[in-house]
>>> print(open('target.txt').read())   # compact mmCIF, C-alpha atoms
# COMPACT_ATOMS: atom_id res chain seq x y z
CA MET A 1 0.00 0.00 0.00
CA ARG A 2 1.31 3.42 -0.96
CA LYS A 3 1.40 6.40 1.36
CA GLU A 4 -1.41 8.30 -0.42
CA GLU A 5 -3.63 5.22 -0.37
CA LEU A 6 -2.99 4.69 3.34
CA LEU A 7 -3.85 8.29 4.26
CA LYS A 8 -7.02 8.16 2.17
CA LYS A 9 -8.16 4.77 3.46
CA LEU A 10 -7.65 5.74 7.12
CA LYS A 11 -9.13 9.24 6.54
CA ALA A 12 -6.00 10.58 8.21
CA LYS A 13 -5.73 14.24 9.24
CA LYS A 14 -2.42 15.78 10.16
CA HIS A 15 -2.00 17.54 13.52
CA GLY A 16 1.62 18.66 13.48
CA ARG A 17 3.71 15.71 14.66
CA TYR A 18 0.96 13.09 14.38
CA TYR A 19 -2.05 12.00 12.30
CA SER A 20 -5.49 11.18 13.68
CA CYS A 21 -7.20 8.37 11.79
CA ILE A 22 -9.62 5.44 11.81
CA CYS A 23 -8.52 2.34 13.68
CA PRO A 24 -8.09 -0.58 11.21
CA GLU A 25 -9.31 -3.01 13.91
CA CYS A 26 -12.46 -1.41 15.38
CA GLY A 27 -13.25 1.13 12.65
CA LYS A 28 -13.65 4.02 15.11
CA ARG A 29 -12.01 7.38 14.49
CA GLU A 30 -10.02 7.28 17.72
CA ALA A 31 -6.60 6.14 16.49
CA TYR A 32 -3.37 7.92 15.67
CA PHE A 33 0.14 7.42 14.33
CA PHE A 34 3.20 9.66 14.41
CA ALA A 35 4.41 11.47 11.31
CA ASP A 36 7.96 10.22 11.83
CA GLU A 37 6.70 6.67 11.21
CA PHE A 38 7.16 7.45 7.50
CA LYS A 39 10.85 8.21 8.14
CA LYS A 40 11.30 4.89 9.92
CA ALA A 41 9.59 3.12 7.02
CA ALA A 42 11.97 4.85 4.61
CA LYS A 43 14.97 3.32 6.42
CA ASN A 44 13.36 -0.10 6.68
CA PRO A 45 10.14 -0.68 4.67
CA LYS A 46 9.36 -3.79 6.73
CA ASN A 47 8.73 -1.57 9.75
CA GLY A 48 5.65 -0.03 8.18
CA ILE A 49 3.37 2.39 10.01
CA LEU A 50 2.35 1.61 13.60
CA ILE A 51 -1.21 2.74 14.35
CA HIS A 52 -2.41 3.06 17.97
CA CYS A 53 -6.08 2.87 19.00
CA ASN A 54 -7.09 5.12 21.91
CA ARG A 55 -10.09 2.98 22.88
CA GLU A 56 -8.12 1.08 25.51
CA SER A 57 -11.05 -0.73 27.13
CA ASN A 58 -12.87 -1.66 23.89
CA CYS A 59 -10.02 -2.12 21.42
CA GLY A 60 -6.66 -0.57 22.28
CA LYS A 61 -4.85 -2.60 19.62
CA GLN A 62 -1.76 -1.61 17.69
CA THR A 63 -1.78 -2.29 13.96
CA ARG A 64 1.28 -2.25 11.70
CA ILE A 65 0.73 -1.55 7.98
CA THR A 66 3.65 -1.94 5.55
CA LEU A 67 4.23 0.48 2.67
CA SER A 68 5.58 -0.18 -0.81
CA ASP A 69 6.70 3.34 -1.77
CA ALA A 70 9.72 3.59 0.51
CA GLU A 71 11.69 5.52 -2.10
CA ASN A 72 9.23 8.42 -1.86
CA LEU A 73 9.31 8.55 1.93
CA ASN A 74 12.82 9.99 2.01
CA GLU A 75 11.35 13.32 0.91
CA ILE A 76 9.78 13.80 4.33
CA GLU A 77 11.88 16.17 6.43
CA GLU A 78 11.64 17.89 9.78
CA GLU A 79 9.24 20.79 9.42
CA THR A 80 8.36 23.87 11.42
CA LEU A 81 4.96 23.45 13.06
CA ASP A 82 2.43 25.71 11.39
CA PHE A 83 -0.27 27.01 13.73
CA ARG A 84 -3.20 26.46 11.39
CA GLU A 85 -1.97 23.11 10.06
CA THR A 86 -1.44 21.82 13.58
CA LEU A 87 -4.59 23.13 15.30
CA HIS A 88 -6.87 23.49 12.26
CA MET A 89 -7.71 27.07 13.20
CA SER A 90 -6.06 30.45 12.88
CA GLN A 91 -4.36 32.24 15.76
CA LYS A 92 -7.20 34.76 15.65
CA GLY A 93 -9.79 31.99 15.99
CA ALA A 94 -7.96 30.46 18.98
CA ASP A 95 -7.76 33.85 20.71
CA LYS A 96 -11.50 34.45 20.17
CA ILE A 97 -12.37 31.08 21.68
CA LYS A 98 -10.18 31.78 24.72
CA ARG A 99 -11.89 35.12 25.36
CA LEU A 100 -15.37 33.66 24.94
CA VAL A 101 -14.72 30.72 27.26
CA SER A 102 -13.19 33.00 29.92
CA TYR A 103 -16.25 35.27 29.80
CA GLN A 104 -18.79 32.46 29.62
CA SER A 105 -17.29 30.53 32.55
CA LYS A 106 -17.54 33.62 34.78
CA TRP A 107 -20.80 35.23 33.66
CA GLY A 108 -22.58 32.91 31.23
CA TRP A 109 -24.11 30.55 33.78
CA GLU A 110 -26.66 33.15 34.85
CA SER A 111 -28.36 32.91 31.42
CA TYR A 112 -29.09 29.19 31.54
CA SER A 113 -30.69 26.79 33.98
CA LEU A 114 -28.63 23.60 33.90
CA PRO A 115 -29.55 20.81 36.32
CA LYS A 116 -26.85 18.66 37.87
CA TRP A 117 -24.59 17.22 35.17
CA ARG A 118 -23.66 13.62 35.99
CA GLY A 119 -24.40 14.34 39.64
CA ILE A 120 -22.11 17.39 39.71
CA SER A 121 -23.72 20.64 40.88
CA VAL A 122 -23.55 23.96 39.03
CA SER A 123 -21.59 25.50 41.92
CA THR A 124 -18.84 22.86 41.54
CA LEU A 125 -18.75 23.35 37.76
CA LYS A 126 -18.56 27.14 38.06
CA LYS A 127 -15.78 26.94 40.63
CA ALA A 128 -13.80 24.69 38.27
CA GLY A 129 -14.20 27.21 35.44
CA VAL A 130 -16.42 24.89 33.38
CA CYS A 131 -18.45 26.71 30.75
CA PHE A 132 -22.00 25.83 29.62
CA TYR A 133 -23.23 27.37 26.38
CA ASP A 134 -26.47 26.20 24.76
CA PRO A 135 -28.70 29.17 23.84
CA ASP A 136 -31.03 27.06 21.64
CA ASN A 137 -31.17 24.06 23.98
CA THR A 138 -30.05 21.86 21.09
CA GLY A 139 -26.64 20.84 22.43
CA LYS A 140 -24.87 22.63 19.55
CA GLY A 141 -23.44 25.53 21.54
CA PHE A 142 -19.80 25.16 20.59
CA ARG A 143 -20.60 24.60 16.92
CA ARG A 144 -22.39 27.95 16.85
CA TRP A 145 -19.15 29.68 17.85
CA ILE A 146 -17.31 27.97 15.00
CA GLN A 147 -19.99 28.88 12.46
CA THR A 148 -19.86 32.53 13.56
CA TRP A 149 -16.24 32.83 12.36
CA GLN A 150 -16.18 30.01 9.80
CA LYS A 151 -13.12 31.34 7.99
CA GLU A 152 -11.03 31.06 11.18
CA PHE A 153 -11.59 27.29 11.43
CA ASP A 154 -11.02 24.33 9.14
CA SER A 155 -14.06 22.35 8.04
CA CYS A 156 -12.75 19.17 9.73
CA LEU A 157 -13.62 20.69 13.12
CA ASN A 158 -17.37 20.77 12.50
CA ARG A 159 -17.99 17.03 12.71
CA ASP A 160 -16.13 16.35 15.95
CA MET A 161 -17.53 19.44 17.68
CA TYR A 162 -21.05 19.05 16.29
CA GLU A 163 -23.09 18.65 19.47
CA LYS A 164 -21.11 19.90 22.45
CA ASN A 165 -22.33 22.37 25.08
CA ILE A 166 -20.12 21.60 28.10
CA ILE A 167 -16.72 23.29 27.70
CA ILE A 168 -13.94 22.42 30.15
CA PRO A 169 -10.82 24.61 29.97
CA ILE A 170 -7.34 23.26 30.74
CA ASN A 171 -5.21 26.13 32.06
CA ASP A 172 -1.57 26.74 32.88
CA TYR A 173 -0.44 27.80 36.37
CA ASP A 174 -1.29 31.44 35.58
CA GLY A 175 -4.84 30.61 34.51
CA ASN A 176 -4.25 31.00 30.76
CA ILE A 177 -6.30 28.59 28.63
CA LEU A 178 -4.17 26.00 26.81
CA ARG A 179 -6.83 23.66 25.45
CA LEU A 180 -10.50 22.73 25.81
CA LEU A 181 -12.36 19.50 26.50
CA LEU A 182 -15.82 19.40 24.92
CA ARG A 183 -18.62 17.32 26.41
CA THR A 184 -22.39 17.35 26.12
CA THR A 185 -25.56 17.00 28.14
CA HIS A 186 -27.15 15.21 25.14
CA THR A 187 -25.33 11.93 25.75
CA GLU A 188 -27.83 9.55 24.12
CA LYS A 189 -28.23 11.67 20.98
CA ASN A 190 -24.44 11.84 20.55
CA SER A 191 -23.91 8.10 20.94
CA ASP A 192 -26.64 7.34 18.40
CA ALA A 193 -25.07 9.72 15.88
CA GLY A 194 -21.61 8.23 16.39
CA PHE A 195 -20.00 11.31 17.96
CA ARG A 196 -17.12 11.01 20.40
CA LYS A 197 -18.15 11.62 24.00
CA GLU A 198 -15.18 13.95 24.54
CA VAL A 199 -13.31 16.14 22.05
CA ASN A 200 -9.90 17.57 22.92
CA VAL A 201 -9.30 20.98 21.30
CA PRO A 202 -5.72 22.32 21.62
CA LEU A 203 -5.41 26.11 21.50
CA THR A 204 -1.67 26.15 22.13
CA ILE A 205 0.78 23.94 20.22
CA GLY A 206 2.34 21.21 22.37
CA SER A 207 0.36 22.11 25.50
CA SER A 208 -0.04 19.65 28.38
CA GLU A 209 -3.29 17.74 28.93
CA LEU A 210 -3.21 17.86 32.74
CA TRP A 211 -6.37 19.42 34.15
CA ASN A 212 -6.32 21.55 37.32
CA ARG A 213 -2.54 21.53 37.68
CA GLN A 214 -2.83 24.59 39.94
CA SER A 215 -3.94 22.29 42.78
CA LEU A 216 -0.51 20.62 42.70
CA LEU A 217 0.94 23.74 44.30
CA LYS A 218 -1.35 23.47 47.34
CA GLU A 219 0.18 22.62 50.72
CA GLU A 220 -1.64 19.28 51.03
CA ASN A 221 0.62 16.24 51.19
CA TYR A 222 -1.55 14.25 48.77
CA VAL A 223 -3.10 14.54 45.31
CA PHE A 224 -5.96 12.58 43.77
CA ILE A 225 -5.32 11.81 40.09
CA THR A 226 -8.24 10.62 37.98
CA GLU A 227 -8.62 9.20 34.47
CA GLY A 228 -10.99 11.96 33.31
CA VAL A 229 -12.22 15.39 34.35
CA PRO A 230 -15.78 14.24 35.28
CA ASP A 231 -14.19 11.87 37.84
CA ALA A 232 -12.09 14.73 39.29
CA LEU A 233 -15.18 16.98 39.46
CA SER A 234 -16.98 14.13 41.27
CA ILE A 235 -14.34 14.25 43.99
CA GLN A 236 -14.64 18.03 44.21
CA GLU A 237 -18.41 17.64 44.55
CA VAL A 238 -18.05 15.87 47.91
CA MET A 239 -14.68 17.36 48.93
CA PRO A 240 -14.61 20.95 47.55
CA GLU A 241 -11.11 21.73 48.86
CA ALA A 242 -9.50 18.46 47.78
CA CYS A 243 -6.22 18.50 45.89
CA VAL A 244 -7.21 16.75 42.67
CA THR A 245 -6.00 16.70 39.08
CA ALA A 246 -6.97 14.71 35.99
CA ILE A 247 -5.46 13.34 32.81
CA THR A 248 -7.55 13.25 29.62
CA GLY A 249 -7.05 9.54 29.04
CA VAL A 250 -5.64 6.72 31.12
CA ALA A 251 -2.67 6.23 28.77
CA LYS A 252 -1.65 9.88 29.25
CA TYR A 253 -0.27 9.57 32.79
CA SER A 254 3.07 10.75 31.38
CA HIS A 255 1.67 14.31 31.45
CA TYR A 256 1.72 14.11 35.26
CA LEU A 257 5.28 12.77 35.19
CA ARG A 258 6.37 15.72 33.02
CA GLU A 259 4.86 18.11 35.56
CA ILE A 260 7.03 16.52 38.24
CA GLU A 261 10.16 17.25 36.19
CA SER A 262 9.36 20.97 36.09
CA HIS A 263 8.15 21.10 39.72
CA PRO A 264 10.23 18.64 41.82
CA GLU A 265 8.39 19.68 45.02
CA ILE A 266 5.35 17.74 43.75
CA THR A 267 7.22 14.48 44.41
CA LYS A 268 6.63 15.02 48.15
CA LYS A 269 2.90 14.44 47.65
CA THR A 270 1.45 10.96 47.94
CA VAL A 271 -0.44 10.14 44.75
CA VAL A 272 -3.91 8.63 45.22
CA ILE A 273 -4.59 6.78 41.95
CA CYS A 274 -8.27 6.89 40.96
CA PHE A 275 -8.25 5.17 37.56
CA ASP A 276 -11.35 3.37 36.24
CA ASN A 277 -12.28 -0.13 37.27
CA ASP A 278 -11.90 -1.59 33.77
CA LYS A 279 -9.30 -3.41 31.70
CA ALA A 280 -7.48 -0.26 30.59
CA GLY A 281 -7.63 1.30 34.05
CA LEU A 282 -6.07 -1.72 35.71
CA LYS A 283 -3.42 -2.04 33.00
CA TYR A 284 -2.22 1.56 33.21
CA ARG A 285 -2.58 1.74 36.98
CA LYS A 286 0.12 -0.90 37.18
CA LYS A 287 2.36 1.02 34.74
CA PHE A 288 1.82 4.26 36.64
CA GLN A 289 2.70 2.56 39.92
CA GLU A 290 5.95 1.29 38.42
CA GLU A 291 6.87 4.86 37.40
CA MET A 292 6.04 6.08 40.91
CA GLN A 293 8.33 3.44 42.40
CA LYS A 294 11.21 4.42 40.10
CA LYS A 295 10.91 8.05 41.20
CA GLY A 296 10.49 7.15 44.88
CA ILE A 297 7.00 8.69 45.10
CA LYS A 298 4.50 7.30 47.60
CA TYR A 299 1.18 6.19 46.16
CA ARG A 300 -1.97 4.34 47.04
CA ASN A 301 -5.14 3.32 45.20
CA LEU A 302 -8.66 4.57 45.87
CA ASN A 303 -11.06 1.71 46.59
CA LEU A 304 -13.97 2.13 44.15
CA CYS A 305 -15.93 -0.64 45.90
CA GLY A 306 -16.87 -2.32 42.62
CA TYR A 307 -18.14 0.79 40.86
CA LYS A 308 -16.95 1.67 37.35
CA ASP A 309 -15.29 5.00 38.20
CA CYS A 310 -15.48 7.96 40.59
CA ASN A 311 -18.46 9.49 38.80
CA ASP A 312 -20.36 6.20 38.88
CA PHE A 313 -19.54 5.93 42.60
CA LEU A 314 -20.85 9.47 43.20
CA LEU A 315 -24.10 8.83 41.32
CA LYS A 316 -24.90 5.52 43.01
CA ASP A 317 -23.59 5.93 46.58
CA LYS A 318 -22.49 9.48 47.37
CA THR A 319 -22.19 8.88 51.12
CA ARG A 320 -19.96 5.85 50.78
CA PHE A 321 -17.90 7.62 48.10
CA LEU A 322 -17.05 10.39 50.56
CA GLN A 323 -16.28 7.83 53.27
CA GLU A 324 -13.80 6.01 51.01
CA LEU A 325 -12.07 9.29 50.08
CA LYS A 326 -11.71 10.24 53.75
CA LYS A 327 -10.56 6.73 54.67
CA THR A 328 -7.79 6.96 52.05
CA LEU A 329 -6.61 10.29 53.45
CA LYS A 330 -6.65 8.96 57.02
CA LYS A 331 -4.34 6.14 55.92
CA GLU A 332 -2.12 8.77 54.31
CA LYS A 333 -1.88 10.78 57.56
CA LYS A 334 -0.72 7.64 59.38
CA LEU A 335 1.75 6.96 56.59
CA LYS A 336 3.12 10.49 56.84
CA THR A 337 3.70 10.63 60.60
CA GLY A 338 4.87 7.05 61.03
CA LYS A 339 5.65 7.63 64.71
CA LYS A 340 4.32 5.54 67.55
CA LYS A 341 2.89 7.48 70.43
CA THR A 342 4.78 7.07 73.70
CA VAL A 343 2.33 5.94 76.40
CA ARG A 344 3.33 7.50 79.71
CA PRO A 345 2.09 6.03 83.02
CA SER A 346 -0.45 8.21 84.81
CA LYS A 347 0.02 9.65 88.33
CA LEU A 348 -2.65 7.22 89.61
CA TYR A 349 -0.49 4.31 88.41
CA PHE A 350 2.52 5.55 90.42
CA SER A 351 0.38 6.11 93.54
CA ARG A 352 -1.00 2.54 93.39
CA CYS A 353 2.53 1.14 93.00
CA ALA A 354 3.64 3.07 96.08
CA ALA A 355 0.67 1.78 98.11
CA ARG A 356 1.45 -1.82 97.21
CA ALA A 357 5.07 -1.37 98.25
>>> encode(input="target.txt", output="structure tokens")
Amino acid sequence: MRKEELLKKLKAKKHGRYYSCICPECGKREAYFFADEFKKAAKNPKNGILIHCNRESNCGKQTRITLSDAENLNEIEEETLDFRETLHMSQKGADKIKRLVSYQSKWGWESYSLPKWRGISVSTLKKAGVCFYDPDNTGKGFRRWIQTWQKEFDSCLNRDMYEKNIIIPINDYDGNILRLLLRTTHTEKNSDAGFRKEVNVPLTIGSSELWNRQSLLKEENYVFITEGVPDALSIQEVMPEACVTAITGVAKYSHYLREIESHPEITKKTVVICFDNDKAGLKYRKKFQEEMQKKGIKYRNLNLCGYKDCNDFLLKDKTRFLQELKKTLKKEKKLKTGKKKTVRPSKLYFSRCAARA
């Protein structure tokens, strides 16, 4: 198979250093491969292109496809990342989205009456900077923004962002928006239409996908780390002041490890791993634990008591969910002190000893 045929068959779209594409195994558009795979194939055509599926629990397979046009692959060279080619929007479009989300997260909630989303109250969402925009009550809030300035965005964005009205910003330590996570309150309609439940929209090239990293600078000696933002918001729902962060996919725990490299003081915190209770969650929990051990970081696992994830736990047994969170932190306090209390005899004990003598 030639390069052009491969890109067309997989409906591949370039995003700077990687391509998003359809998984050859499950047929879902949740796979990717790196652009430098073509270089490797040029050196050794037998290597082919290695495609990774992001659907860890349902597929998660890696597929290798060999190419026959190795002589043409040598033309691929290192290139400077172009803003529009990488993010599929202009710099002007990204700046407009940032301003709108900042405004909407602070003032936009007053215009809409949104009931609890997945058991998470509006007050928790507002505090986390989550934005809700759905003026027509159709679930197409974010698409309306794109259509307003169509020339600032590539057409490939419309499909993925079609019905999304929950907008979750990922910020840097100064509060500047780096990327957005798009979700929806119209879950059933999205699944029927074949839309992804979460769309990751980068607004800054090469930005980290760690949500709520500001909490890592808190004085607490622990940090909850979840597999998705809804799970982290679930913890904040019952423990508003908890130190909690989230990765945007269980295989992306390396984003937390990178944060440690730039902020070594974070290594003093005990990591409470709150990954999902499924095949992918268990697989990457083990890998994450191995990385923690290498770096000498204390960790422990949150007991989900048989529930699928933190959000499922919140929805089905909120009281017990809070109890398990507190129980984990109590164990951590014991682990931190590690000192046995010295029991001193009371004065009554000495008086009785004297009387016996």
>>> residues_around(input="target.txt", residues="stretch 304-321 of chain A", least_positions_apart="4", cutoff="9 Å", atoms="only C-alpha atoms", output="ChimeraX atom specification")
/A:118-120,226-227,230-235,237-238,274-278,325-326
>>> closest_residue(input="target.txt", among="A:Thr63, A:Ser254, A:Thr138, A:Thr270", to="A:Glu25", atoms="all atoms listed in the file")
A:Thr63
>>> closest_residue(input="target.txt", among="A:Arg213, A:Arg300, A:Arg285, A:Arg2", to="A:Ala251", atoms="only C-alpha atoms")
A:Arg285
>>> atom_distance(input="target.txt", atom1="atom CA of A:Ala246", atom2="atom CA of A:Gly228")
5.6 Å
>>> closest_residue(input="target.txt", among="A:Cys53, A:Leu257, A:Leu329, A:Cys243", to="A:Glu290", atoms="all atoms listed in the file")
A:Leu257
>>> residues_near_point(input="target.txt", point="(-24.6, 24.5, 25.4)", cutoff="7 Å", atoms="only C-alpha atoms", output="list in words")
Phe132, Tyr133, Asp134, Pro135, Asn137, Gly139, Lys140, Gly141, Phe142, Lys164, Asn165 and Ile166 of chain A
